[in-house]
$ cat query-v6.cif   # mmCIF, C-alpha atoms
data_my_file
#
loop_
_atom_site.label_atom_id
_atom_site.label_comp_id
_atom_site.auth_asym_id
_atom_site.auth_seq_id
_atom_site.Cartn_x
_atom_site.Cartn_y
_atom_site.Cartn_z
CA MET A 1 -29.40 -18.97 -21.70
CA LEU A 2 -31.13 -16.12 -23.47
CA LEU A 3 -30.82 -12.45 -22.75
CA VAL A 4 -34.10 -10.63 -22.12
CA LEU A 5 -34.22 -7.06 -23.35
CA SER A 6 -36.83 -4.66 -22.03
CA GLU A 7 -38.98 -2.57 -24.39
CA GLU A 8 -37.02 0.55 -23.52
CA GLN A 9 -33.74 -1.12 -24.40
CA LYS A 10 -35.15 -2.46 -27.62
CA ALA A 11 -36.18 1.10 -28.49
CA HIS A 12 -32.70 2.36 -27.63
CA LEU A 13 -31.04 -0.18 -29.87
CA GLY A 14 -33.67 0.38 -32.54
CA CYS A 15 -31.76 3.30 -33.97
CA LEU A 16 -28.80 1.08 -34.91
CA PRO A 17 -30.09 -0.23 -38.29
CA ARG A 18 -30.36 3.32 -39.60
CA LEU A 19 -26.62 3.94 -39.14
CA GLY A 20 -24.04 2.33 -41.36
CA ALA A 21 -21.63 -0.40 -40.31
CA ALA A 22 -18.86 2.10 -39.59
CA ALA A 23 -21.14 4.10 -37.29
CA VAL A 24 -22.14 0.97 -35.42
CA GLY A 25 -18.46 0.14 -35.00
CA GLU A 26 -17.84 3.64 -33.65
CA LEU A 27 -20.71 3.35 -31.17
CA GLY A 28 -19.49 -0.05 -30.10
CA ARG A 29 -16.09 1.42 -29.38
CA LEU A 30 -17.71 4.23 -27.37
CA ALA A 31 -19.66 1.67 -25.36
CA VAL A 32 -16.50 -0.24 -24.46
CA GLU A 33 -14.71 2.99 -23.54
CA LEU A 34 -17.64 3.91 -21.31
CA LEU A 35 -17.25 0.61 -19.48
CA ARG A 36 -13.51 1.00 -19.26
CA ARG A 37 -13.28 4.58 -18.11
CA GLY A 38 -16.73 5.85 -17.20
CA ALA A 39 -19.02 8.41 -18.86
CA ALA A 40 -17.54 10.60 -21.59
CA PRO A 41 -20.19 13.12 -22.65
CA ARG A 42 -17.83 14.96 -24.97
CA ALA A 43 -17.08 11.79 -26.92
CA CYS A 44 -20.82 11.23 -27.36
CA GLU A 45 -21.27 14.79 -28.58
CA ALA A 46 -18.41 14.42 -31.04
CA ALA A 47 -19.91 11.18 -32.36
CA ALA A 48 -23.34 12.84 -32.66
CA ARG A 49 -21.87 15.68 -34.70
CA LYS A 50 -19.92 13.32 -36.95
CA LEU A 51 -22.90 11.05 -37.63
CA ASN A 52 -25.38 13.91 -37.80
CA ILE A 53 -27.78 12.52 -35.21
CA GLY A 54 -29.15 13.95 -31.96
CA VAL A 55 -26.95 13.58 -28.86
CA ASP A 56 -29.79 11.91 -26.97
CA THR A 57 -30.17 9.22 -29.59
CA ILE A 58 -26.44 8.52 -29.49
CA GLN A 59 -26.54 8.41 -25.70
CA HIS A 60 -29.43 5.93 -25.70
CA CYS A 61 -27.78 3.79 -28.34
CA VAL A 62 -24.53 3.64 -26.41
CA GLU A 63 -26.37 2.82 -23.20
CA GLY A 64 -28.30 0.05 -24.91
CA LEU A 65 -25.07 -1.37 -26.28
CA THR A 66 -23.35 -1.23 -22.90
CA TYR A 67 -26.26 -3.08 -21.30
CA LEU A 68 -26.12 -5.70 -24.03
CA LEU A 69 -22.37 -6.15 -23.63
CA THR A 70 -22.26 -6.21 -19.83
CA GLU A 71 -25.16 -8.63 -19.44
CA SER A 72 -23.77 -10.96 -22.08
CA SER A 73 -20.28 -10.86 -20.57
CA LYS A 74 -21.64 -11.28 -17.05
CA LEU A 75 -23.62 -14.39 -17.97
CA MET A 76 -20.89 -15.59 -20.36
CA ILE A 77 -23.53 -16.57 -22.91
CA SER A 78 -22.51 -18.61 -25.93
CA GLU A 79 -22.42 -17.22 -29.47
CA LEU A 80 -25.59 -19.07 -30.39
CA ASP A 81 -27.49 -17.67 -27.41
CA PHE A 82 -26.21 -14.16 -28.16
CA GLN A 83 -27.39 -14.43 -31.75
CA ASP A 84 -30.78 -15.74 -30.65
CA SER A 85 -31.11 -12.92 -28.11
CA ILE A 86 -30.49 -10.14 -30.61
CA HIS A 87 -32.54 -11.89 -33.29
CA VAL A 88 -35.63 -10.53 -31.53
CA LEU A 89 -34.50 -7.00 -32.43
CA GLY A 90 -34.97 -7.83 -36.09
CA PHE A 91 -31.65 -6.47 -37.33
CA SER A 92 -29.99 -7.36 -40.61
CA ASP A 93 -27.55 -10.29 -40.66
CA GLU A 94 -24.65 -7.93 -41.26
CA LEU A 95 -25.53 -5.95 -38.13
CA ASN A 96 -25.98 -9.13 -36.13
CA THR A 97 -22.52 -10.34 -37.14
CA LEU A 98 -21.04 -6.97 -36.21
CA LEU A 99 -22.63 -7.07 -32.76
CA LEU A 100 -21.51 -10.66 -32.22
CA GLN A 101 -17.94 -9.74 -33.13
CA LEU A 102 -18.05 -6.78 -30.74
CA TYR A 103 -19.25 -9.06 -27.97
CA LEU A 104 -16.57 -11.67 -28.55
CA ASP A 105 -13.79 -9.11 -28.79
CA SER A 106 -14.61 -7.25 -25.60
CA ARG A 107 -15.87 -10.16 -23.51
CA LYS A 108 -12.61 -10.99 -21.72
CA GLU A 109 -11.85 -7.39 -20.82
CA LEU A 110 -15.36 -6.71 -19.59
CA ARG A 111 -15.28 -9.78 -17.38
CA SER A 112 -12.08 -8.60 -15.73
CA VAL A 113 -13.60 -5.15 -15.13
CA LEU A 114 -16.75 -6.72 -13.70
CA SER A 115 -14.74 -8.98 -11.39
CA GLU A 116 -13.34 -5.92 -9.65
CA LEU A 117 -16.81 -4.70 -8.73
CA ALA A 118 -17.36 -7.46 -6.17
CA PRO A 119 -17.47 -6.26 -2.53
CA LYS A 120 -14.16 -6.49 -0.79
CA LEU A 121 -13.08 -6.87 2.80
CA PRO A 122 -10.19 -4.80 4.10
CA SER A 123 -6.99 -6.27 2.78
CA TYR A 124 -3.46 -6.32 4.11
CA HIS A 125 -1.24 -3.43 3.10
CA SER A 126 1.75 -3.50 5.46
CA LEU A 127 2.86 -4.21 8.99
CA GLU A 128 5.13 -2.21 11.29
CA TRP A 129 6.35 -3.60 14.59
CA ARG A 130 8.39 -2.63 17.59
CA LEU A 131 9.84 -4.55 20.53
CA ASP A 132 9.86 -2.72 23.87
CA VAL A 133 10.74 -3.65 27.42
CA GLN A 134 8.88 -2.05 30.29
CA LEU A 135 11.38 -1.39 33.08
CA ALA A 136 9.33 0.55 35.58
CA SER A 137 5.94 2.10 36.10
CA ARG A 138 4.46 4.50 38.64
CA SER A 139 3.31 1.61 40.79
CA LEU A 140 6.20 -0.83 40.39
CA ARG A 141 9.91 -0.44 39.82
CA GLN A 142 12.46 -3.03 38.76
CA GLN A 143 10.31 -4.79 36.17
CA ILE A 144 11.20 -6.62 33.00
CA LYS A 145 8.16 -6.88 30.75
CA PRO A 146 8.73 -7.31 27.02
CA THR A 147 5.93 -6.22 24.66
CA VAL A 148 5.56 -6.26 20.93
CA THR A 149 3.63 -3.34 19.43
CA VAL A 150 2.22 -3.94 15.98
CA LYS A 151 0.64 -1.48 13.57
CA LEU A 152 -1.40 -3.25 10.91
CA HIS A 153 -2.08 -1.12 7.81
CA LEU A 154 -5.20 -2.15 5.90
CA ASN A 155 -6.58 -1.10 2.53
CA GLN A 156 -10.25 -1.04 1.69
CA ASN A 157 -11.30 0.56 -1.60
CA GLU A 158 -8.54 3.16 -1.44
CA ASP A 159 -9.28 3.85 2.26
CA GLN A 160 -6.27 3.31 4.45
CA THR A 161 -6.86 2.36 8.05
CA ALA A 162 -4.44 1.28 10.72
CA GLN A 163 -4.95 -0.92 13.76
CA VAL A 164 -2.54 -0.81 16.67
CA LEU A 165 -2.16 -4.04 18.60
CA GLN A 166 0.03 -4.98 21.51
CA THR A 167 1.01 -8.40 22.73
CA ASP A 168 3.56 -10.18 24.87
CA PRO A 169 6.05 -12.53 23.19
CA SER A 170 4.34 -15.78 24.20
CA THR A 171 1.02 -14.70 22.67
CA LEU A 172 2.92 -13.66 19.57
CA LEU A 173 4.50 -17.11 19.33
CA HIS A 174 1.07 -18.68 19.70
CA LEU A 175 -0.25 -16.38 16.95
CA ILE A 176 2.59 -17.39 14.63
CA GLN A 177 1.94 -21.05 15.37
CA GLN A 178 -1.77 -20.69 14.57
CA LEU A 179 -1.05 -18.89 11.30
CA GLU A 180 1.47 -21.54 10.28
CA GLN A 181 -1.12 -24.21 11.04
CA ALA A 182 -3.59 -22.34 8.83
CA LEU A 183 -1.05 -22.29 6.00
CA GLY A 184 -0.39 -25.96 6.58
CA GLU A 185 -4.07 -26.73 5.94
CA MET A 186 -3.49 -26.04 2.27
CA LYS A 187 -1.32 -29.14 2.12
CA THR A 188 -3.93 -31.56 3.50
CA ASN A 189 -5.60 -34.04 1.16
CA HIS A 190 -8.97 -32.37 1.55
CA CYS A 191 -7.75 -28.98 0.33
CA ARG A 192 -5.64 -30.53 -2.41
CA ARG A 193 -8.67 -32.38 -3.78
CA ILE A 194 -10.74 -29.19 -3.93
CA VAL A 195 -7.95 -27.19 -5.58
CA ARG A 196 -7.45 -29.92 -8.16
CA ASN A 197 -11.15 -29.92 -8.97
CA MET A 198 -11.27 -26.14 -9.31
CA LYS A 199 -8.51 -26.20 -11.87
CA GLN B 1 22.49 -20.58 2.91
CA ARG B 2 22.18 -17.91 5.56
CA PHE B 3 23.26 -14.33 5.00
CA ARG B 4 23.80 -11.76 7.70
CA PHE B 5 22.58 -8.87 5.59
CA CYS B 6 19.27 -10.72 5.13
CA GLY B 7 18.90 -11.09 8.88
CA ASP B 8 20.43 -14.59 9.04
CA LEU B 9 17.86 -15.88 6.59
CA ASP B 10 18.08 -17.08 3.00
CA CYS B 11 18.60 -14.44 0.37
CA PRO B 12 15.30 -13.70 -1.45
CA ASP B 13 15.09 -15.21 -4.93
CA TRP B 14 14.48 -11.91 -6.67
CA VAL B 15 17.67 -10.44 -5.19
CA LEU B 16 19.67 -13.42 -6.44
CA ALA B 17 18.14 -13.00 -9.87
CA GLU B 18 19.06 -9.31 -10.11
CA ILE B 19 22.73 -9.77 -9.08
CA SER B 20 23.51 -10.66 -12.67
CA THR B 21 21.82 -7.43 -13.83
CA LEU B 22 24.05 -5.47 -11.44
CA ALA B 23 27.12 -7.16 -12.88
CA LYS B 24 26.26 -5.80 -16.32
CA ILE B 25 26.83 -2.21 -15.17
CA SER B 26 30.43 -1.05 -14.80
CA SER B 27 31.63 -0.87 -11.19
CA VAL B 28 32.27 2.89 -11.36
CA LYS B 29 28.75 3.59 -12.60
CA LEU B 30 27.33 1.20 -10.00
CA LYS B 31 28.94 3.24 -7.22
CA LEU B 32 27.28 6.40 -8.60
CA ILE B 33 23.91 4.66 -8.84
CA CYS B 34 24.38 3.55 -5.21
CA ALA B 35 24.88 7.18 -4.23
CA GLN B 36 21.53 8.05 -5.83
CA VAL B 37 19.74 5.14 -4.15
CA LEU B 38 21.23 6.21 -0.80
CA ARG B 39 19.83 9.71 -1.38
CA ASP B 40 16.41 8.19 -1.86
CA LEU B 41 16.70 6.06 1.28
CA LEU B 42 17.76 9.11 3.28
CA GLY B 43 14.65 10.97 2.17
CA GLU B 44 16.18 13.30 -0.42
CA ALA B 45 14.92 13.41 -4.00
CA ILE B 46 16.24 10.71 -6.29
CA GLU B 47 17.46 11.87 -9.70
CA TYR B 48 16.00 9.23 -11.98
CA GLU B 49 17.37 10.80 -15.19
CA LYS B 50 20.94 10.48 -13.90
CA ILE B 51 20.36 6.80 -13.18
CA LEU B 52 18.93 6.33 -16.67
CA LYS B 53 22.02 7.95 -18.17
CA LEU B 54 24.34 5.78 -16.08
CA THR B 55 22.57 2.59 -17.09
CA SER B 56 22.29 3.46 -20.76
CA ASP B 57 25.73 1.98 -21.54
CA ALA B 58 24.72 -1.38 -20.16
CA LYS B 59 21.65 -1.25 -22.43
CA LEU B 60 19.23 -2.10 -19.66
CA GLU B 61 15.50 -2.05 -20.31
CA SER B 62 13.30 0.18 -18.15
CA GLY B 63 12.18 -2.83 -16.12
CA ASP B 64 15.82 -3.71 -15.43
CA VAL B 65 16.60 -0.15 -14.29
CA LYS B 66 13.76 -0.26 -11.78
CA ALA B 67 14.90 -3.72 -10.64
CA THR B 68 18.43 -2.38 -10.15
CA ILE B 69 17.19 0.46 -7.97
CA ALA B 70 14.98 -1.95 -6.00
CA VAL B 71 17.73 -4.49 -5.36
CA LEU B 72 20.27 -1.83 -4.36
CA GLY B 73 17.70 -0.28 -2.03
CA PHE B 74 17.07 -3.67 -0.45
CA ILE B 75 20.75 -4.53 0.00
CA LEU B 76 21.66 -1.17 1.52
CA SER B 77 18.68 -0.80 3.85
CA SER B 78 18.74 -4.43 4.93
CA ALA B 79 22.46 -4.25 5.70
CA ALA B 80 21.88 -1.10 7.76
CA LYS B 81 18.92 -2.73 9.48
CA HIS B 82 20.99 -5.69 10.67
CA ASN B 83 24.05 -3.56 11.41
CA VAL B 84 26.33 -5.44 9.01
CA ASP B 85 29.81 -3.96 8.63
CA SER B 86 30.95 -3.19 5.10
CA GLU B 87 33.55 -5.98 4.87
CA SER B 88 31.06 -8.73 5.76
CA LEU B 89 28.62 -7.20 3.28
CA SER B 90 31.27 -7.23 0.57
CA SER B 91 32.15 -10.88 1.15
CA GLU B 92 28.48 -11.93 1.28
CA LEU B 93 27.72 -10.09 -1.98
CA GLN B 94 30.69 -11.81 -3.61
CA GLN B 95 29.32 -15.16 -2.41
CA LEU B 96 26.11 -14.28 -4.27
CA GLY B 97 28.08 -13.79 -7.46
CA LEU B 98 28.70 -10.05 -7.57
CA PRO B 99 32.18 -9.31 -8.99
CA LYS B 100 34.81 -8.06 -6.53
CA GLU B 101 35.11 -4.45 -7.81
CA HIS B 102 31.33 -4.03 -7.86
CA ALA B 103 31.02 -5.35 -4.31
CA SER B 104 33.81 -3.14 -2.96
CA GLY B 105 32.41 -0.03 -4.71
CA LEU B 106 28.96 -0.72 -3.28
CA CYS B 107 30.35 -1.32 0.19
CA ARG B 108 32.43 1.85 0.14
CA SER B 109 29.26 3.87 -0.58
CA TYR B 110 27.50 1.92 2.15
CA GLU B 111 30.23 2.53 4.69
CA GLU B 112 30.14 6.30 4.16
CA LYS B 113 26.44 6.52 4.79
CA GLN B 114 25.89 3.64 7.19
CA SER B 115 25.32 5.68 10.33
CA SER B 116 23.08 8.29 8.63
CA LEU B 117 21.06 5.47 7.15
CA GLN B 118 20.68 3.84 10.55
CA ASP B 119 19.67 7.18 12.08
CA SER B 120 17.03 7.71 9.43
CA LEU B 121 15.71 4.16 9.90
CA ARG B 122 15.59 4.71 13.65
CA ALA B 123 13.57 7.90 13.13
CA CYS B 124 10.93 6.21 11.05
CA SER B 125 10.50 3.23 13.37
CA LEU B 126 7.01 2.61 14.63
CA ARG B 127 5.95 5.32 17.02
CA LEU B 128 2.40 5.74 18.16
CA SER B 129 2.41 9.39 19.08
CA GLN B 130 4.81 12.16 19.84
CA LEU B 131 4.64 15.15 22.13
CA GLY B 132 4.91 18.27 20.01
CA SER B 133 4.86 21.00 22.59
CA VAL B 134 3.53 21.93 26.00
CA SER B 135 2.03 25.28 26.91
CA TRP B 136 0.92 26.35 30.34
CA ARG B 137 -0.71 29.17 32.23
CA VAL B 138 -1.10 29.85 35.93
CA ASP B 139 -4.31 31.49 37.10
CA TYR B 140 -5.49 32.59 40.50
CA THR B 141 -9.13 31.93 41.27
CA LEU B 142 -10.55 34.77 43.36
CA SER B 143 -14.15 33.72 43.80
CA SER B 144 -16.83 31.39 42.42
CA SER B 145 -20.57 30.88 42.47
CA GLU B 146 -20.11 28.31 45.26
CA LEU B 147 -17.76 30.16 47.54
CA ARG B 148 -17.12 33.88 47.79
CA GLU B 149 -13.43 33.74 48.69
CA VAL B 150 -11.60 30.93 46.89
CA ASN B 151 -8.08 32.39 46.55
CA GLU B 152 -6.42 29.40 44.97
CA PRO B 153 -3.88 29.06 42.15
CA LEU B 154 -4.78 26.93 39.13
CA VAL B 155 -2.50 25.57 36.39
CA HIS B 156 -3.74 25.12 32.81
CA LEU B 157 -1.75 22.68 30.73
CA ASN B 158 -1.99 22.06 26.95
CA PHE B 159 -0.25 19.03 25.48
CA ASN B 160 0.03 19.16 21.68
CA VAL B 161 0.31 15.54 20.60
CA ARG B 162 1.29 14.57 17.09
CA ASP B 163 -0.41 11.42 15.84
CA GLY B 164 2.22 9.21 14.22
CA GLU B 165 0.65 8.14 10.97
CA ARG B 166 -0.79 11.25 9.45
CA GLY B 167 0.89 14.04 11.40
CA ARG B 168 -2.40 15.26 12.83
CA THR B 169 -2.02 17.34 15.97
CA ALA B 170 -4.42 16.79 18.84
CA THR B 171 -4.52 19.05 21.86
CA ILE B 172 -5.11 17.62 25.30
CA SER B 173 -5.99 20.29 27.85
CA MET B 174 -6.31 20.01 31.57
CA ALA B 175 -6.56 22.22 34.62
CA LEU B 176 -4.86 21.22 37.86
CA SER B 177 -4.89 22.52 41.38
CA ALA B 178 -1.55 23.28 43.04
CA ASP B 179 -1.47 19.98 44.97
CA LYS B 180 -2.33 17.82 41.99
CA PHE B 181 0.26 19.64 39.95
CA ARG B 182 2.92 18.97 42.60
CA VAL B 183 2.08 15.25 42.51
CA LEU B 184 2.29 15.21 38.71
CA LEU B 185 5.63 17.00 38.75
CA ALA B 186 7.07 14.65 41.40
CA GLU B 187 6.03 11.54 39.46
CA LEU B 188 7.43 12.89 36.21
CA LYS B 189 10.72 13.75 37.92
CA GLN B 190 10.97 10.17 39.18
CA ALA B 191 10.36 8.87 35.66
CA GLN B 192 13.02 11.27 34.35
CA ALA B 193 15.52 10.02 36.94
CA LEU B 194 14.84 6.44 35.82
CA MET B 195 15.36 7.41 32.18
CA ASN B 196 18.64 9.08 33.01
CA THR B 197 19.98 5.89 34.57
CA LEU B 198 19.42 4.17 31.21
CA LEU B 199 20.99 6.75 28.93
#
$ encode --input "query-v6.cif" --output "structure tokens"
Amino acid sequence: MLLVLSEEQKAHLGCLPRLGAAAVGELGRLAVELLRRGAAPRACEAAARKLNIGVDTIQHCVEGLTYLLTESSKLMISELDFQDSIHVLGFSDELNTLLLQLYLDSRKELRSVLSELAPKLPSYHSLEWRLDVQLASRSLRQQIKPTVTVKLHLNQNEDQTAQVLQTDPSTLLHLIQQLEQALGEMKTNHCRRIVRNMK
Amino acid sequence: QRFRFCGDLDCPDWVLAEISTLAKISSVKLKLICAQVLRDLLGEAIEYEKILKLTSDAKLESGDVKATIAVLGFILSSAAKHNVDSESLSSELQQLGLPKEHASGLCRSYEEKQSSLQDSLRACSLRLSQLGSVSWRVDYTLSSSELREVNEPLVHLNFNVRDGERGRTATISMALSADKFRVLLAELKQAQALMNTLL
């Protein structure tokens, strides 16, 4: 599968041949840092001063490189496809090899960063519970009514929410039974076959 | 095998695995580390540097130090949770492979702080909300737009309720006529009498 680069991106990456191999390595490192930690304008300015080029050009170059790296990592394209994709830019063989090496080195890390960007549902954080017995109320004395109060703490993208639920013991037992049945599904032949095929 | 300090369940694997790490520390130093862990469980600041100094003789890695603190925290809080007396705890720990002096040192620290630990655990049990304070005011309505001579007393009540999870305070205000207030007071006194029979 080939990567398609727009004209703008080709223009951004067009400044790369002018810089030496060391500079390209430096920009590659900046691009990976950008993907790891987010924008670092001061690092770009420092690189611009060191390489004696305008900050805008550096910025564009780094952005072009990050697009190249993320798209290639996302699609998990093979070495051959990567080489064919950047061939269209008309770079020297040395530069092409450099870019290929950069791609292969950072591919695994970029894929793990990208996997965390998928949308997430609220996930379990912790559970607090309490067992009470209601002995009397305004309308009725001499009661015995056990209740379990549960506070479910959930995490969603650093947001913590809590749900308070209340149930009587028999519903709780039913709930436990249903959850154990759900866990038991993993042991059926059907699920085992799918898990085996995924591995 | 069932253990009382684990709530009559099996001992978790990670606890079993760390017992051998505990045995590497001398029993005197273990008792001092227990004291620090108890401070943490009771809500005071833990002095991590002291623990590092105490474990330096046993040449534990940083991961092992954290594991030691975690396993001691589990043993002490779980024993307090299930109201295990210190002798049973000592014998159960010895069954798990902890040497006798280590177990008795640990259990002596536990025994000293058992009731404070249980008090602190009781205080942080699940609680949905808590009444912070009540403020009141009695007014006398002279007249209104509907009726020229009203001449009735009115009670204003403010309940300051603390929300359990984040300590936010909400104020619930209400105004009651004299009759309604008498009914409220009578009902609350009945509830108080019922509570007193249970204390």
$ resolve_selection --input "query-v6.cif" --expression "the PyMOL selection byres ((chain B and resi 106) around 10)" --output "mmCIF file with C-alpha atoms, in the frame of the given file"
data_model
loop_
_atom_site.group_PDB
_atom_site.id
_atom_site.type_symbol
_atom_site.label_atom_id
_atom_site.label_comp_id
_atom_site.auth_asym_id
_atom_site.auth_seq_id
_atom_site.Cartn_x
_atom_site.Cartn_y
_atom_site.Cartn_z
ATOM 1 C CA SER B 27 31.630 -0.870 -11.190
ATOM 2 C CA VAL B 28 32.270 2.890 -11.360
ATOM 3 C CA LEU B 30 27.330 1.200 -10.000
ATOM 4 C CA LYS B 31 28.940 3.240 -7.220
ATOM 5 C CA LEU B 32 27.280 6.400 -8.600
ATOM 6 C CA ILE B 33 23.910 4.660 -8.840
ATOM 7 C CA CYS B 34 24.380 3.550 -5.210
ATOM 8 C CA ALA B 35 24.880 7.180 -4.230
ATOM 9 C CA LEU B 72 20.270 -1.830 -4.360
ATOM 10 C CA ILE B 75 20.750 -4.530 0.000
ATOM 11 C CA LEU B 76 21.660 -1.170 1.520
ATOM 12 C CA SER B 86 30.950 -3.190 5.100
ATOM 13 C CA LEU B 89 28.620 -7.200 3.280
ATOM 14 C CA SER B 90 31.270 -7.230 0.570
ATOM 15 C CA LEU B 93 27.720 -10.090 -1.980
ATOM 16 C CA LYS B 100 34.810 -8.060 -6.530
ATOM 17 C CA GLU B 101 35.110 -4.450 -7.810
ATOM 18 C CA HIS B 102 31.330 -4.030 -7.860
ATOM 19 C CA ALA B 103 31.020 -5.350 -4.310
ATOM 20 C CA SER B 104 33.810 -3.140 -2.960
ATOM 21 C CA GLY B 105 32.410 -0.030 -4.710
ATOM 22 C CA CYS B 107 30.350 -1.320 0.190
ATOM 23 C CA ARG B 108 32.430 1.850 0.140
ATOM 24 C CA SER B 109 29.260 3.870 -0.580
ATOM 25 C CA TYR B 110 27.500 1.920 2.150
ATOM 26 C CA GLU B 111 30.230 2.530 4.690
#
$ closest_residue --input "query-v6.cif" --among "A:Gln59, A:Arg130, A:Lys50, A:His190" --to "B:Arg122" --atoms "all atoms listed in the file"
A:Arg130
$ resolve_selection --input "query-v6.cif" --expression "the PyMOL selection byres ((chain A) within 10 of (chain B))" --output "compact mmCIF listing (two decimals) with C-alpha atoms, in the coordinates of the input"
# COMPACT_ATOMS: atom_id res chain seq x y z
CA LEU A 127 2.86 -4.21 8.99
CA GLU A 128 5.13 -2.21 11.29
CA TRP A 129 6.35 -3.60 14.59
CA ARG A 130 8.39 -2.63 17.59
CA LEU A 131 9.84 -4.55 20.53
CA LEU A 135 11.38 -1.39 33.08
CA ALA A 136 9.33 0.55 35.58
CA SER A 137 5.94 2.10 36.10
CA ARG A 138 4.46 4.50 38.64
CA ARG A 141 9.91 -0.44 39.82
CA THR A 149 3.63 -3.34 19.43
CA VAL A 150 2.22 -3.94 15.98
CA LYS A 151 0.64 -1.48 13.57
CA THR A 161 -6.86 2.36 8.05
CA ALA A 162 -4.44 1.28 10.72
CA VAL A 164 -2.54 -0.81 16.67
$ closest_residue --input "query-v6.cif" --among "B:Leu38, B:Leu117, B:Cys6, B:Leu16" --to "B:Gly73" --atoms "all atoms listed in the file"
B:Leu38
$ residues_around --input "query-v6.cif" --residues "A:Gly28" --least-positions-apart "6" --cutoff "12 Å" --atoms "all atoms listed in the file" --output "JSON, numbers by chain"
{"A": [13, 16, 21, 22, 34, 35, 44, 47, 58, 59, 61, 62, 63, 64, 65, 66, 67, 68, 69, 95, 98, 99, 100, 101, 102, 103, 105, 106]}
$ atom_distance --input "query-v6.cif" --atom1 "atom CA of B:Asp139" --atom2 "atom CA of B:Glu152"
8.4 Å
$ atom_distance --input "query-v6.cif" --atom1 "atom CA of A:Ala11" --atom2 "atom CA of A:Ile53"
15.7 Å
$ atom_distance --input "query-v6.cif" --atom1 "atom CA of B:Asp119" --atom2 "atom CA of B:Ser88"
20.6 Å
$ closest_residue --input "query-v6.cif" --among "B:Ile25, B:Ala123, B:Met174, B:Leu98" --to "B:Lys59" --atoms "all atoms listed in the file"
B:Ile25
$ residues_around --input "query-v6.cif" --residues "A:Gly90" --least-positions-apart "5" --cutoff "10 Å" --atoms "only C-alpha atoms" --output "PyMOL selection string"
chain A and resi 14+17+95-96
